[in-house]
Amino acid sequence: MKHLIAPSVLSADFANLQNDIEMINRSQADWFHIDIMDGVFVPNISFGFPVMKAIQKHASKPLDVHLMIVDPDRYLQEFKQAGAENITVHIEACTHLHRTLHAIKDLGCRAGVAVNPHTPVALLEDIIEDIDLVCLMSVNPGFGGQKFIENTYKKIRTLRAMASGRNDGLLIEIDGGVSNQNALKLIQAGADVLVAGNAVFSATDPISEISGLKNLNPELIGS
């Protein structure tokens, strides 16, 4: 499967949000990545249902919703109603992860698990068959513009090996510090979805930047 590009709306210009949403619609991006932060699980607050519904109104591509919040189970139905097609919860925030994942699936959404940089992917061993997507945090969650954590490559390879023969359709998503400097190496390591925030929205030509990320050839040698 060709890798997917999911521009992070957190890095968009909120004074001109509709323009940025329409830009992503015109681009080769596959998903809109939407970070929901509550100021408790992570030290930042992003946005909630009103902004999500505004994005849904104009977006022509799936909404990939990443919940960086405590007690995400309380809000799953509301995020589905606000347009989420993927709902990703943090392993660190879910006491009963198996139940949460199946609640997401019962809503008709793709069920994802996000893993913080300090959390070993080995903790997913007993639930790997139940996951549609694993979002590996390659920075500490809460703020954009952070430096990419190099250990992410090892975690991708470990996770891919774990899923082999048990969940071959698992999508591995990388969130944080993704750019044209490391994107090819991430894909070669086994990543399927690249979340790009600053790399896209700070570019002189965001559509061209997305195209460059989308059209990388993983068979090429390089980093």
# chains A, B, ... in the order shown; residues from 1 in each chain; ligands from 1

$ closest_atom_pairs --of "region 32-144 of chain A" --to "region 185-197 of chain A" --cutoff "12 Å" --atoms "only C-alpha atoms" --output "JSON lines"
{"residue": "A:Phe32", "atom": "CA", "partner": "A:Val195", "partner_atom": "CA", "distance": 8.9}
{"residue": "A:His33", "atom": "CA", "partner": "A:Val195", "partner_atom": "CA", "distance": 6.9}
{"residue": "A:Ile34", "atom": "CA", "partner": "A:Val195", "partner_atom": "CA", "distance": 9.9}
{"residue": "A:Asp35", "atom": "CA", "partner": "A:Val195", "partner_atom": "CA", "distance": 10.7}
{"residue": "A:Asp64", "atom": "CA", "partner": "A:Val195", "partner_atom": "CA", "distance": 9.9}
{"residue": "A:Val65", "atom": "CA", "partner": "A:Val195", "partner_atom": "CA", "distance": 11.5}
{"residue": "A:His66", "atom": "CA", "partner": "A:Val195", "partner_atom": "CA", "distance": 10.9}
{"residue": "A:Asp132", "atom": "CA", "partner": "A:Asp192", "partner_atom": "CA", "distance": 11.9}
{"residue": "A:Leu133", "atom": "CA", "partner": "A:Val193", "partner_atom": "CA", "distance": 9.3}
{"residue": "A:Val134", "atom": "CA", "partner": "A:Val193", "partner_atom": "CA", "distance": 9.7}
{"residue": "A:Cys135", "atom": "CA", "partner": "A:Val193", "partner_atom": "CA", "distance": 8.7}
{"residue": "A:Leu136", "atom": "CA", "partner": "A:Ala191", "partner_atom": "CA", "distance": 9.5}
{"residue": "A:Met137", "atom": "CA", "partner": "A:Val195", "partner_atom": "CA", "distance": 10.0}
{"residue": "A:Ser138", "atom": "CA", "partner": "A:Val195", "partner_atom": "CA", "distance": 10.3}
{"residue": "A:Val139", "atom": "CA", "partner": "A:Val195", "partner_atom": "CA", "distance": 11.8}
{"residue": "A:Phe143", "atom": "CA", "partner": "A:Gly197", "partner_atom": "CA", "distance": 10.6}
{"residue": "A:Gly144", "atom": "CA", "partner": "A:Gly197", "partner_atom": "CA", "distance": 7.2}

$ write_last_selection --atoms "all heavy atoms" --output "tab-separated table (two decimals), in the first residue's frame"
chain	number	residue	atom	x	y	z
A	32	PHE	N	-6.98	14.31	7.17
A	32	PHE	CA	-6.75	15.44	8.06
A	32	PHE	C	-6.42	14.87	9.44
A	32	PHE	O	-7.22	14.11	10.00
A	32	PHE	CB	-8.01	16.31	8.20
A	32	PHE	CG	-8.35	17.12	6.99
A	32	PHE	CD1	-9.10	16.57	5.95
A	32	PHE	CD2	-7.94	18.44	6.88
A	32	PHE	CE1	-9.43	17.32	4.84
A	32	PHE	CE2	-8.26	19.20	5.77
A	32	PHE	CZ	-9.00	18.64	4.75
A	33	HIS	N	-5.28	15.21	9.99
A	33	HIS	CA	-4.93	14.77	11.34
A	33	HIS	C	-5.34	15.86	12.33
A	33	HIS	O	-4.91	17.01	12.20
A	33	HIS	CB	-3.44	14.48	11.45
A	33	HIS	CG	-3.04	13.89	12.77
A	33	HIS	ND1	-3.20	12.55	13.05
A	33	HIS	CD2	-2.50	14.45	13.88
A	33	HIS	CE1	-2.77	12.30	14.28
A	33	HIS	NE2	-2.34	13.45	14.81
A	34	ILE	N	-6.16	15.48	13.31
A	34	ILE	CA	-6.71	16.45	14.24
A	34	ILE	C	-6.34	16.07	15.66
A	34	ILE	O	-6.77	15.03	16.17
A	34	ILE	CB	-8.25	16.54	14.08
A	34	ILE	CG1	-8.59	16.91	12.63
A	34	ILE	CG2	-8.83	17.55	15.06
A	34	ILE	CD1	-10.07	16.95	12.34
A	35	ASP	N	-5.52	16.89	16.29
A	35	ASP	CA	-5.07	16.65	17.65
A	35	ASP	C	-6.01	17.32	18.65
A	35	ASP	O	-6.18	18.55	18.63
A	35	ASP	CB	-3.66	17.21	17.85
A	35	ASP	CG	-2.61	16.42	17.09
A	35	ASP	OD1	-2.58	15.19	17.24
A	35	ASP	OD2	-1.83	17.04	16.35
A	64	ASP	N	-8.79	12.11	10.84
A	64	ASP	CA	-7.98	11.21	11.66
A	64	ASP	C	-7.80	11.90	13.01
A	64	ASP	O	-6.97	12.79	13.16
A	64	ASP	CB	-6.64	10.99	10.95
A	64	ASP	CG	-5.66	10.16	11.74
A	64	ASP	OD1	-6.08	9.16	12.34
A	64	ASP	OD2	-4.44	10.50	11.74
A	65	VAL	N	-8.59	11.49	14.01
A	65	VAL	CA	-8.68	12.22	15.27
A	65	VAL	C	-7.83	11.55	16.34
A	65	VAL	O	-8.01	10.36	16.66
A	65	VAL	CB	-10.14	12.34	15.73
A	65	VAL	CG1	-10.22	13.07	17.07
A	65	VAL	CG2	-10.96	13.07	14.68
A	66	HIS	N	-6.91	12.30	16.90
A	66	HIS	CA	-5.95	11.83	17.89
A	66	HIS	C	-6.31	12.45	19.24
A	66	HIS	O	-6.14	13.65	19.44
A	66	HIS	CB	-4.54	12.24	17.44
A	66	HIS	CG	-3.45	11.89	18.39
A	66	HIS	ND1	-2.17	12.36	18.23
A	66	HIS	CD2	-3.42	11.11	19.51
A	66	HIS	CE1	-1.40	11.90	19.20
A	66	HIS	NE2	-2.16	11.14	20.00
A	132	ASP	N	-6.43	-1.24	14.70
A	132	ASP	CA	-6.37	-0.91	13.27
A	132	ASP	C	-5.17	-0.03	12.95
A	132	ASP	O	-4.62	-0.11	11.85
A	132	ASP	CB	-7.65	-0.17	12.85
A	132	ASP	CG	-8.89	-1.02	13.01
A	132	ASP	OD1	-8.86	-2.21	12.64
A	132	ASP	OD2	-9.91	-0.51	13.52
A	133	LEU	N	-4.78	0.80	13.90
A	133	LEU	CA	-3.72	1.79	13.66
A	133	LEU	C	-2.96	2.02	14.95
A	133	LEU	O	-3.57	2.13	16.02
A	133	LEU	CB	-4.35	3.10	13.18
A	133	LEU	CG	-3.48	4.32	12.92
A	133	LEU	CD1	-4.13	5.20	11.85
A	133	LEU	CD2	-3.29	5.16	14.18
A	134	VAL	N	-1.64	2.08	14.86
A	134	VAL	CA	-0.82	2.50	15.99
A	134	VAL	C	-0.12	3.80	15.63
A	134	VAL	O	0.56	3.88	14.60
A	134	VAL	CB	0.23	1.43	16.38
A	134	VAL	CG1	1.16	1.98	17.47
A	134	VAL	CG2	-0.45	0.17	16.88
A	135	CYS	N	-0.34	4.80	16.45
A	135	CYS	CA	0.30	6.10	16.26
A	135	CYS	C	1.50	6.19	17.18
A	135	CYS	O	1.34	6.31	18.41
A	135	CYS	CB	-0.69	7.22	16.55
A	135	CYS	SG	0.01	8.89	16.41
A	136	LEU	N	2.69	6.10	16.62
A	136	LEU	CA	3.91	6.23	17.40
A	136	LEU	C	4.27	7.70	17.53
A	136	LEU	O	4.52	8.38	16.53
A	136	LEU	CB	5.05	5.47	16.74
A	136	LEU	CG	4.91	3.95	16.66
A	136	LEU	CD1	6.12	3.35	15.96
A	136	LEU	CD2	4.76	3.33	18.06
A	137	MET	N	4.29	8.19	18.76
A	137	MET	CA	4.69	9.58	18.99
A	137	MET	C	6.20	9.68	18.87
A	137	MET	O	6.94	9.03	19.62
A	137	MET	CB	4.23	10.04	20.37
A	137	MET	CG	2.72	10.08	20.56
A	137	MET	SD	1.88	11.15	19.35
A	137	MET	CE	2.66	12.73	19.68
A	138	SER	N	6.65	10.47	17.93
A	138	SER	CA	8.08	10.66	17.72
A	138	SER	C	8.56	11.98	18.32
A	138	SER	O	9.71	12.39	18.10
A	138	SER	CB	8.41	10.60	16.22
A	138	SER	OG	7.44	11.29	15.45
A	139	VAL	N	7.69	12.62	19.09
A	139	VAL	CA	8.02	13.73	19.98
A	139	VAL	C	7.15	13.54	21.22
A	139	VAL	O	6.22	12.74	21.22
A	139	VAL	CB	7.74	15.12	19.36
A	139	VAL	CG1	8.54	15.32	18.08
A	139	VAL	CG2	6.24	15.30	19.08
A	143	PHE	N	2.80	19.74	21.99
A	143	PHE	CA	3.20	20.93	21.25
A	143	PHE	C	3.79	20.54	19.90
A	143	PHE	O	4.46	19.51	19.79
A	143	PHE	CB	4.24	21.75	22.02
A	143	PHE	CG	3.74	22.27	23.34
A	143	PHE	CD1	3.94	21.54	24.49
A	143	PHE	CD2	3.06	23.47	23.42
A	143	PHE	CE1	3.47	22.01	25.72
A	143	PHE	CE2	2.58	23.94	24.62
A	143	PHE	CZ	2.80	23.21	25.78
A	144	GLY	N	3.57	21.37	18.89
A	144	GLY	CA	4.18	21.15	17.59
A	144	GLY	C	5.59	21.71	17.55
A	144	GLY	O	6.03	22.42	18.45

$ select_by_dssp --residues "region 8-213 of chain A" --states "strand (DSSP E or B)" --output "MDAnalysis selection string"
chainID A and resid 8 32:38 45 63:68 84:90 110:115 133:137 171:175 193:196

$ write_last_selection --atoms "C-alpha atoms" --output "PDB file, in the first residue's frame"
ATOM      1  CA  SER A   8      -1.800  18.126  11.165  1.00  0.00           C
ATOM      2  CA  PHE A  32      -6.747  15.443   8.062  1.00  0.00           C
ATOM      3  CA  HIS A  33      -4.933  14.767  11.342  1.00  0.00           C
ATOM      4  CA  ILE A  34      -6.715  16.454  14.236  1.00  0.00           C
ATOM      5  CA  ASP A  35      -5.070  16.653  17.654  1.00  0.00           C
ATOM      6  CA  ILE A  36      -7.468  17.023  20.569  1.00  0.00           C
ATOM      7  CA  MET A  37      -5.683  18.176  23.766  1.00  0.00           C
ATOM      8  CA  ASP A  38      -7.300  18.739  27.141  1.00  0.00           C
ATOM      9  CA  ILE A  45      -5.252  22.799  25.038  1.00  0.00           C
ATOM     10  CA  LEU A  63     -10.706  13.034   9.737  1.00  0.00           C
ATOM     11  CA  ASP A  64      -7.981  11.212  11.660  1.00  0.00           C
ATOM     12  CA  VAL A  65      -8.677  12.219  15.269  1.00  0.00           C
ATOM     13  CA  HIS A  66      -5.951  11.825  17.893  1.00  0.00           C
ATOM     14  CA  LEU A  67      -7.294  12.105  21.442  1.00  0.00           C
ATOM     15  CA  MET A  68      -4.639  13.370  23.853  1.00  0.00           C
ATOM     16  CA  ALA A  84     -14.157  11.307  13.020  1.00  0.00           C
ATOM     17  CA  GLU A  85     -13.419   8.331  10.776  1.00  0.00           C
ATOM     18  CA  ASN A  86     -10.346   7.285  12.778  1.00  0.00           C
ATOM     19  CA  ILE A  87     -10.277   7.641  16.557  1.00  0.00           C
ATOM     20  CA  THR A  88      -6.946   7.125  18.295  1.00  0.00           C
ATOM     21  CA  VAL A  89      -6.621   6.945  22.072  1.00  0.00           C
ATOM     22  CA  HIS A  90      -3.467   6.833  24.172  1.00  0.00           C
ATOM     23  CA  ARG A 110     -10.993   2.798  12.607  1.00  0.00           C
ATOM     24  CA  ALA A 111      -9.585   2.184  16.126  1.00  0.00           C
ATOM     25  CA  GLY A 112      -6.126   3.481  16.906  1.00  0.00           C
ATOM     26  CA  VAL A 113      -3.707   3.402  19.834  1.00  0.00           C
ATOM     27  CA  ALA A 114      -1.127   6.135  20.380  1.00  0.00           C
ATOM     28  CA  VAL A 115       2.132   5.356  22.178  1.00  0.00           C
ATOM     29  CA  LEU A 133      -3.722   1.787  13.656  1.00  0.00           C
ATOM     30  CA  VAL A 134      -0.817   2.496  15.994  1.00  0.00           C
ATOM     31  CA  CYS A 135       0.298   6.103  16.255  1.00  0.00           C
ATOM     32  CA  LEU A 136       3.909   6.231  17.404  1.00  0.00           C
ATOM     33  CA  MET A 137       4.688   9.576  18.986  1.00  0.00           C
ATOM     34  CA  LEU A 171      -1.284   0.851   9.925  1.00  0.00           C
ATOM     35  CA  ILE A 172       1.725   2.426  11.631  1.00  0.00           C
ATOM     36  CA  GLU A 173       1.418   6.197  11.892  1.00  0.00           C
ATOM     37  CA  ILE A 174       4.248   8.540  12.878  1.00  0.00           C
ATOM     38  CA  ASP A 175       3.385  11.792  14.621  1.00  0.00           C
ATOM     39  CA  VAL A 193       1.065   7.100   7.637  1.00  0.00           C
ATOM     40  CA  LEU A 194       3.076  10.294   8.087  1.00  0.00           C
ATOM     41  CA  VAL A 195       1.608  13.125  10.126  1.00  0.00           C
ATOM     42  CA  ALA A 196       3.167  16.402   8.990  1.00  0.00           C
TER      43      ALA A 196
END

$ closest_atom_pairs --of "region 18-125 of chain A" --to "region 148-157 of chain A" --cutoff "12 Å" --atoms "only C-alpha atoms" --output "JSON lines"
{"residue": "A:Val115", "atom": "CA", "partner": "A:Lys155", "partner_atom": "CA", "distance": 10.0}
{"residue": "A:Asn116", "atom": "CA", "partner": "A:Thr152", "partner_atom": "CA", "distance": 10.2}
{"residue": "A:Pro117", "atom": "CA", "partner": "A:Thr152", "partner_atom": "CA", "distance": 7.7}
{"residue": "A:His118", "atom": "CA", "partner": "A:Asn151", "partner_atom": "CA", "distance": 9.9}
{"residue": "A:Thr119", "atom": "CA", "partner": "A:Lys155", "partner_atom": "CA", "distance": 9.9}
{"residue": "A:Pro120", "atom": "CA", "partner": "A:Lys155", "partner_atom": "CA", "distance": 7.8}
{"residue": "A:Val121", "atom": "CA", "partner": "A:Lys155", "partner_atom": "CA", "distance": 6.7}
{"residue": "A:Ala122", "atom": "CA", "partner": "A:Lys155", "partner_atom": "CA", "distance": 9.3}
{"residue": "A:Leu123", "atom": "CA", "partner": "A:Lys155", "partner_atom": "CA", "distance": 11.9}
{"residue": "A:Leu124", "atom": "CA", "partner": "A:Lys155", "partner_atom": "CA", "distance": 11.8}

$ atom_distance --atom1 "CA of Ile24 (chain A)" --atom2 "CA of Val42 (chain A)"
26.5 Å

$ select_by_dssp --residues "region 18-189 of chain A" --states "helix (DSSP H, G or I)" --output "PyMOL selection string"
chain A and resi 18-26+49-58+72-81+91-93+97-106+121-130+152-163+183-189

$ atom_distance --atom1 "CA of Ala183 (chain A)" --atom2 "CA of Ala161 (chain A)"
20.0 Å

$ residues_around --residues "region 93-96 of chain A" --least-positions-apart "5" --cutoff "8 Å" --atoms "only C-alpha atoms" --output "list in words"
Phe41, Ile69, Val70, Asp71 and Pro72 of chain A

$ closest_atom_pairs --of "region 97-200 of chain A" --to "region 209-212 of chain A" --cutoff "9 Å" --atoms "only C-alpha atoms" --output "tab-separated table"
residue	atom	partner	partner_atom	distance
A:Asn180	CA	A:Gly212	CA	7.6
A:Ala196	CA	A:Ile210	CA	8.5
A:Ala199	CA	A:Glu209	CA	7.5
A:Val200	CA	A:Glu209	CA	5.9

$ closest_residue --among "A:Ile55, A:Arg74, A:Glu92, A:Asn217" --to "Asn16 (chain A)" --atoms "only C-alpha atoms"
A:Ile55

$ decode --residues "region 105-136 of chain A" --atoms "C-alpha atoms" --output "PDB file, in the first residue's frame"
ATOM      1  CA  LYS A 105     -15.089  -0.127  16.231  1.00  0.00           C
ATOM      2  CA  ASP A 106     -18.739  -0.401  17.220  1.00  0.00           C
ATOM      3  CA  LEU A 107     -19.150   3.229  16.142  1.00  0.00           C
ATOM      4  CA  GLY A 108     -17.887   2.285  12.676  1.00  0.00           C
ATOM      5  CA  CYS A 109     -14.530   4.033  13.086  1.00  0.00           C
ATOM      6  CA  ARG A 110     -10.993   2.798  12.607  1.00  0.00           C
ATOM      7  CA  ALA A 111      -9.585   2.184  16.126  1.00  0.00           C
ATOM      8  CA  GLY A 112      -6.126   3.481  16.906  1.00  0.00           C
ATOM      9  CA  VAL A 113      -3.707   3.402  19.834  1.00  0.00           C
ATOM     10  CA  ALA A 114      -1.127   6.135  20.380  1.00  0.00           C
ATOM     11  CA  VAL A 115       2.132   5.356  22.178  1.00  0.00           C
ATOM     12  CA  ASN A 116       4.265   8.016  23.870  1.00  0.00           C
ATOM     13  CA  PRO A 117       8.048   8.046  23.331  1.00  0.00           C
ATOM     14  CA  HIS A 118       8.770   6.487  26.753  1.00  0.00           C
ATOM     15  CA  THR A 119       6.206   3.685  26.342  1.00  0.00           C
ATOM     16  CA  PRO A 120       7.484   0.363  24.918  1.00  0.00           C
ATOM     17  CA  VAL A 121       5.484  -1.053  22.037  1.00  0.00           C
ATOM     18  CA  ALA A 122       5.793  -4.457  23.736  1.00  0.00           C
ATOM     19  CA  LEU A 123       2.795  -3.391  25.842  1.00  0.00           C
ATOM     20  CA  LEU A 124       0.652  -3.901  22.728  1.00  0.00           C
ATOM     21  CA  GLU A 125       1.606  -7.586  22.449  1.00  0.00           C
ATOM     22  CA  ASP A 126      -1.620  -8.973  23.891  1.00  0.00           C
ATOM     23  CA  ILE A 127      -3.931  -6.661  21.963  1.00  0.00           C
ATOM     24  CA  ILE A 128      -2.203  -6.266  18.600  1.00  0.00           C
ATOM     25  CA  GLU A 129      -4.942  -8.156  16.729  1.00  0.00           C
ATOM     26  CA  ASP A 130      -7.583  -5.680  17.912  1.00  0.00           C
ATOM     27  CA  ILE A 131      -5.843  -2.514  16.683  1.00  0.00           C
ATOM     28  CA  ASP A 132      -6.373  -0.910  13.271  1.00  0.00           C
ATOM     29  CA  LEU A 133      -3.722   1.787  13.656  1.00  0.00           C
ATOM     30  CA  VAL A 134      -0.817   2.496  15.994  1.00  0.00           C
ATOM     31  CA  CYS A 135       0.298   6.103  16.255  1.00  0.00           C
ATOM     32  CA  LEU A 136       3.909   6.231  17.404  1.00  0.00           C
TER      33      LEU A 136
END
